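So this block is upload23.cif, mmCIF, C-alpha atoms:
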data_model
#
loop_
_atom_site.label_atom_id
_atom_site.label_comp_id
_atom_site.auth_asym_id
_atom_site.auth_seq_id
_atom_site.Cartn_x
_atom_site.Cartn_y
_atom_site.Cartn_z
CA MET H 1 104.83 110.75 121.06
CA THR H 2 106.25 108.11 118.73
CA ASP H 3 106.10 108.13 114.93
CA ASP H 4 103.97 104.98 115.04
CA VAL H 5 101.05 107.11 116.22
CA PHE H 6 100.80 108.60 112.72
CA ARG H 7 100.08 105.15 111.34
CA THR H 8 96.64 105.33 112.93
CA LEU H 9 95.75 107.93 110.30
CA SER H 10 94.25 106.77 107.00
CA TYR H 11 96.11 107.08 103.71
CA GLY H 12 95.42 105.98 100.15
CA MET H 13 97.51 105.24 97.06
CA TYR H 14 97.34 107.66 94.15
CA ALA H 15 99.18 108.41 90.91
CA ILE H 16 99.67 112.13 90.25
CA GLY H 17 99.91 112.92 86.51
CA VAL H 18 101.85 115.98 85.34
CA ASN H 19 103.26 117.68 82.24
CA ASN H 20 106.33 119.89 81.91
CA GLU H 21 105.64 121.04 78.31
CA LYS H 22 108.12 118.45 77.01
CA LYS H 23 106.82 115.16 78.33
CA VAL H 24 104.21 113.68 80.63
CA SER H 25 105.11 111.97 83.88
CA ALA H 26 103.56 110.70 87.10
CA CYS H 27 104.45 109.93 90.70
CA ILE H 28 102.91 108.00 93.58
CA VAL H 29 101.59 109.81 96.67
CA ASN H 30 99.59 108.61 99.64
CA THR H 31 98.30 111.96 100.90
CA VAL H 32 95.26 113.19 98.97
CA VAL H 33 92.25 114.43 100.96
CA GLN H 34 88.94 116.07 100.18
CA VAL H 35 88.69 119.59 101.60
CA SER H 36 85.18 120.56 100.47
CA ASN H 37 82.52 119.74 97.88
CA HIS H 38 81.16 123.27 97.25
CA PRO H 39 83.36 123.74 95.28
CA ASN H 40 85.10 120.37 94.95
CA LEU H 41 88.50 120.98 96.54
CA ILE H 42 91.26 118.52 97.43
CA ALA H 43 94.65 118.85 99.10
CA VAL H 44 97.74 116.95 97.87
CA SER H 45 101.10 116.77 99.66
CA ILE H 46 104.20 116.34 97.45
CA SER H 47 107.88 116.46 98.43
CA HIS H 48 109.99 119.41 97.30
CA ASP H 49 112.41 116.88 95.79
CA ASN H 50 109.77 115.34 93.53
CA TYR H 51 109.88 116.25 89.85
CA SER H 52 106.07 116.34 89.91
CA ASN H 53 106.20 119.17 92.46
CA GLU H 54 108.22 121.24 89.99
CA CYS H 55 105.81 120.46 87.13
CA ILE H 56 102.69 121.34 89.12
CA LYS H 57 104.15 124.67 90.21
CA LYS H 58 104.96 125.48 86.59
CA ASP H 59 101.77 124.22 84.91
CA GLY H 60 99.19 124.61 87.70
CA ILE H 61 97.29 121.49 86.64
CA PHE H 62 97.53 117.78 87.43
CA THR H 63 95.53 114.56 87.58
CA VAL H 64 94.86 112.14 90.42
CA SER H 65 94.40 108.48 89.48
CA VAL H 66 92.98 106.54 92.44
CA LEU H 67 94.68 103.14 92.48
CA SER H 68 92.63 100.03 93.21
CA GLU H 69 93.64 96.87 95.06
CA ASP H 70 94.06 95.27 91.62
CA THR H 71 96.75 97.74 90.57
CA SER H 72 100.05 95.92 90.09
CA GLY H 73 102.85 96.57 92.55
CA ALA H 74 105.10 97.00 89.50
CA VAL H 75 103.09 100.11 88.53
CA ILE H 76 103.63 101.58 91.99
CA GLY H 77 107.32 100.75 91.78
CA ALA H 78 107.76 102.29 88.34
CA LEU H 79 106.05 105.54 89.35
CA GLY H 80 107.17 105.71 92.97
CA PHE H 81 110.85 104.78 93.12
CA THR H 82 112.39 106.61 90.14
CA SER H 83 112.54 110.26 89.12
CA GLY H 84 110.77 111.72 86.11
CA ARG H 85 113.65 114.14 85.58
CA ASP H 86 115.77 111.51 83.89
CA THR H 87 113.38 108.59 83.36
CA ASP H 88 110.32 107.97 81.20
CA LYS H 89 108.30 106.61 84.10
CA LEU H 90 105.23 105.94 81.96
CA LYS H 91 107.10 103.98 79.29
CA ASN H 92 105.65 100.62 80.34
CA ILE H 93 102.45 101.94 81.91
CA ASN H 94 99.01 101.94 80.28
CA TYR H 95 97.81 105.58 80.29
CA ARG H 96 96.04 108.25 78.27
CA VAL H 97 96.66 111.97 77.94
CA LEU H 98 93.74 114.35 78.52
CA GLU H 99 93.07 117.35 76.29
CA GLU H 100 94.73 119.51 78.97
CA GLY H 101 98.00 117.63 78.37
CA VAL H 102 98.23 115.68 81.62
CA PRO H 103 98.16 111.86 81.86
CA VAL H 104 95.69 109.53 83.55
CA VAL H 105 96.89 106.05 84.52
CA LYS H 106 94.66 103.22 83.24
CA GLU H 107 96.19 100.27 85.15
CA HIS H 108 93.17 99.05 87.17
CA ILE H 109 92.38 102.43 88.70
CA CYS H 110 89.11 103.16 90.52
CA CYS H 111 88.62 106.65 89.09
CA TRP H 112 90.48 109.84 88.18
CA PHE H 113 90.27 113.61 88.78
CA LEU H 114 91.56 116.57 86.78
CA CYS H 115 92.68 119.31 89.17
CA ARG H 116 93.65 122.99 88.91
CA VAL H 117 95.77 124.50 91.68
CA SER H 118 94.07 127.25 93.69
CA ARG H 119 96.87 127.93 96.17
CA SER H 120 99.74 126.15 97.89
CA ILE H 121 101.36 125.98 101.31
CA GLU H 122 105.07 125.29 101.81
CA THR H 123 106.32 123.15 104.68
CA GLU H 124 109.93 122.30 105.43
CA MET H 125 109.93 119.23 103.16
CA HIS H 126 106.64 119.27 101.23
CA THR H 127 104.26 121.47 99.27
CA VAL H 128 100.57 121.10 100.04
CA PHE H 129 98.62 121.95 96.89
CA LEU H 130 95.00 123.02 97.32
CA ALA H 131 93.26 122.31 94.01
CA GLU H 132 89.80 122.46 92.48
CA VAL H 133 88.55 119.32 90.76
CA ILE H 134 87.37 120.45 87.31
CA ALA H 135 86.64 117.06 85.71
CA GLY H 136 86.74 113.36 86.49
CA SER H 137 85.33 109.87 86.15
CA GLU H 138 81.62 109.23 85.89
CA ALA H 139 81.82 106.00 87.90
CA VAL H 140 84.02 104.14 90.40
CA LYS H 141 85.43 100.71 89.61
CA GLY H 142 87.00 98.31 92.08
CA LYS H 143 88.09 98.90 95.66
CA PRO H 144 90.50 101.78 96.39
CA MET H 145 93.92 100.67 97.63
CA THR H 146 94.77 101.98 101.07
CA TYR H 147 98.31 102.58 102.26
CA ASP H 148 97.72 99.89 104.89
CA TYR H 149 96.85 97.39 102.12
CA TYR H 150 99.97 98.40 100.21
CA ARG H 151 102.17 97.77 103.24
CA ARG H 152 100.41 94.71 104.67
CA VAL H 153 99.38 92.78 101.53
CA ILE H 154 101.71 93.96 98.78
CA LYS H 155 104.55 94.35 101.32
CA GLY H 156 105.52 97.68 99.85
CA ARG H 157 107.42 100.47 101.55
CA ALA H 158 107.37 104.24 101.30
CA PRO H 159 110.19 106.03 99.47
CA LYS H 160 112.19 108.53 101.53
CA ASN H 161 110.33 111.51 100.02
CA ALA H 162 106.93 110.24 101.21
CA PRO H 163 105.30 111.88 104.26
CA THR H 164 104.77 108.40 105.74
CA TYR H 165 108.39 107.25 105.38
CA MET H 166 109.85 105.71 108.53
CA GLU H 167 113.01 103.66 108.92
CA GLU H 168 112.04 100.27 110.21
CA PRO H 169 114.14 97.41 111.51
CA LEU H 170 113.53 94.36 109.33
CA LYS H 171 112.25 91.33 111.21
CA LYS H 172 112.59 87.73 110.24
CA GLU H 173 109.18 86.11 110.52
CA THR H 174 110.02 82.63 109.18
CA ASP H 175 112.98 80.30 108.81
CA ALA H 176 113.38 81.49 105.22
CA GLU H 177 116.22 83.81 104.27
CA ASN H 178 115.25 87.45 103.88
CA TRP H 179 116.48 89.19 100.72
CA ILE H 180 116.12 92.97 100.56
CA CYS H 181 115.67 95.00 97.39
CA THR H 182 118.30 97.75 97.46
CA VAL H 183 116.06 99.99 95.33
CA CYS H 184 112.73 100.02 97.17
CA GLY H 185 113.25 97.97 100.35
CA TYR H 186 110.89 95.13 99.41
CA VAL H 187 111.74 91.93 101.33
CA TYR H 188 111.62 88.56 99.56
CA SER H 189 111.20 85.71 102.04
CA ASP H 190 109.83 82.37 100.83
CA PRO H 191 110.56 79.17 102.80
CA PHE H 192 109.80 77.05 99.73
CA VAL H 193 111.45 78.97 96.87
CA PRO H 194 114.81 80.57 97.77
CA LEU H 195 115.80 83.66 95.81
CA GLU H 196 118.59 81.73 94.09
CA GLU H 197 116.03 79.37 92.54
CA LEU H 198 113.93 82.12 90.98
CA PRO H 199 114.26 82.58 87.18
CA ASP H 200 117.02 84.93 86.04
CA ASP H 201 114.41 87.28 84.55
CA TRP H 202 112.49 87.56 87.84
CA VAL H 203 112.13 91.16 89.03
CA CYS H 204 111.07 92.89 92.22
CA PRO H 205 107.24 93.01 92.30
CA ILE H 206 107.31 96.56 93.66
CA CYS H 207 109.94 98.47 91.69
CA GLY H 208 110.90 96.07 88.88
CA ALA H 209 114.56 95.85 89.93
CA PRO H 210 116.39 92.68 88.77
CA LYS H 211 117.25 89.80 91.08
CA THR H 212 120.84 91.05 91.25
CA ALA H 213 119.63 94.14 93.11
CA PHE H 214 118.69 92.02 96.16
CA ARG H 215 120.99 91.60 99.15
CA ARG H 216 120.73 88.99 101.90
CA GLN H 217 119.63 90.36 105.27
CA GLN H 218 122.44 89.99 107.75
#
Starting from the file, give its structure as structure tokens.
Amino acid sequence: MTDDVFRTLSYGMYAIGVNNEKKVSACIVNTVVQVSNHPNLIAVSISHDNYSNECIKKDGIFTVSVLSEDTSGAVIGALGFTSGRDTDKLKNINYRVLEEGVPVVKEHICCWFLCRVSRSIETEMHTVFLAEVIAGSEAVKGKPMTYDYYRRVIKGRAPKNAPTYMEEPLKKETDAENWICTVCGYVYSDPFVPLEELPDDWVCPICGAPKTAFRRQQ
């Protein structure tokens, strides 16, 4: 079996909000599934290396913000390609903090859930948290972003900690030069506007890295 087979499975795009008693933070995951609705239980898979994993194990509570197709790629980049251990990932993100002390992202999300961990399962690289949904949105707004939409339309890639991460050979689809972001792997390729002609303050639409972080594909 090849790894491509796993791409037939459905994934979404979610921001997981956490608190470590000192500051709030959030990360991006694509593996959140409903387990039951009596009670309302979900399962979330988070890498052992993620700071959010550490916070959830300590606090036992977290939020899930369901991203919509209108959510900016820059939000995904800010929350998905840096670590909350040494970065204020929410610094430039519109969010609010619930009474329980955990944040909910407000950047064009569809809805949110407040979750309390019931139990967890350890795999070699990830923790699967089984959690009860104890509060959440009263309505859904917009269309939820799928992982397929993120990859196909936004042209985003999964960080190495993500369950869906796969190394892929980059293909040149046009006569334009391909420029690769060294931070998140986003590929800039525009036959009409070369990277050199972009404004100096242009940044990667996925992770917000400056133009100088891009390297020409060989």
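Among the candidate residues H:Ala131, H:Leu195, H:Ile28, H:Ile76, the one lying nearest to H:Lys57 is H:Ala131, with distances computed using all atoms listed in the file.
Rounded to one decimal, atom CA of H:Met125 and atom CA of H:Cys111 lie 28.5 Å from each other.
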Written as a VMD selection string, which residues does the PyMOL selection byres ((chain H and resi 81-98) around 9) give for the file shown?
-> chain H and resid 23 to 28 50 to 52 75 to 80 99 to 107 114 158 to 159 183 to 184 206 to 207
Do you have the atom CA of H:Gly156-atom CA of H:Phe129 distance handy?
-> 25.4 Å
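For the pair atom CA of H:Ala209 and atom CA of H:Asn53, the separation is 24.9 Å.
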Selected by the PyMOL selection byres ((chain H and resi 178) around 7) in the shown coordinates: which residues, as a VMD selection string?
-> chain H and resid 172 176 to 177 179 to 180 187 to 189 216 to 217
Could you name the residues that touch H:Val133 at 12 Å or less, counting only C-alpha atoms, but leaving out those on the same chain fewer than 6 positions away, as a ChimeraX atom specification?
-> /H:33-44,61-64,112-118
Leaving out H:Glu69 and any residue of its chain fewer than 4 positions from it, which residues lie within 12 Å of it when counting all atoms listed in the file, given as a PyMOL selection string?
-> chain H and resi 12-14+73+75-76+107-110+141-154
Counting all atoms listed in the file, closest pick from H:Glu132, H:Asp200, H:Asp4, H:Glu138 relative to H:Arg119 is H:Glu132
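With only C-alpha atoms as the basis for measurement, H:Val128 is the residue among H:Leu67, H:Val18, H:Ile121, H:Val128 that approaches H:Ile46 most closely.
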Residue among H:Glu21, H:Ala213, H:Cys181, H:Val5 lying closest to H:Lys155, counting all atoms listed in the file = H:Cys181
Written as a ChimeraX atom specification, which residues does the PyMOL selection byres ((chain H and resi 126) around 8) give for the file shown?
-> /H:45-48,122-125,127-128
Quick one: of H:Ile16, H:Asp49, H:Asp190, H:Ser65, who's nearest to H:Ser137, counting only C-alpha atoms?
-> H:Ser65
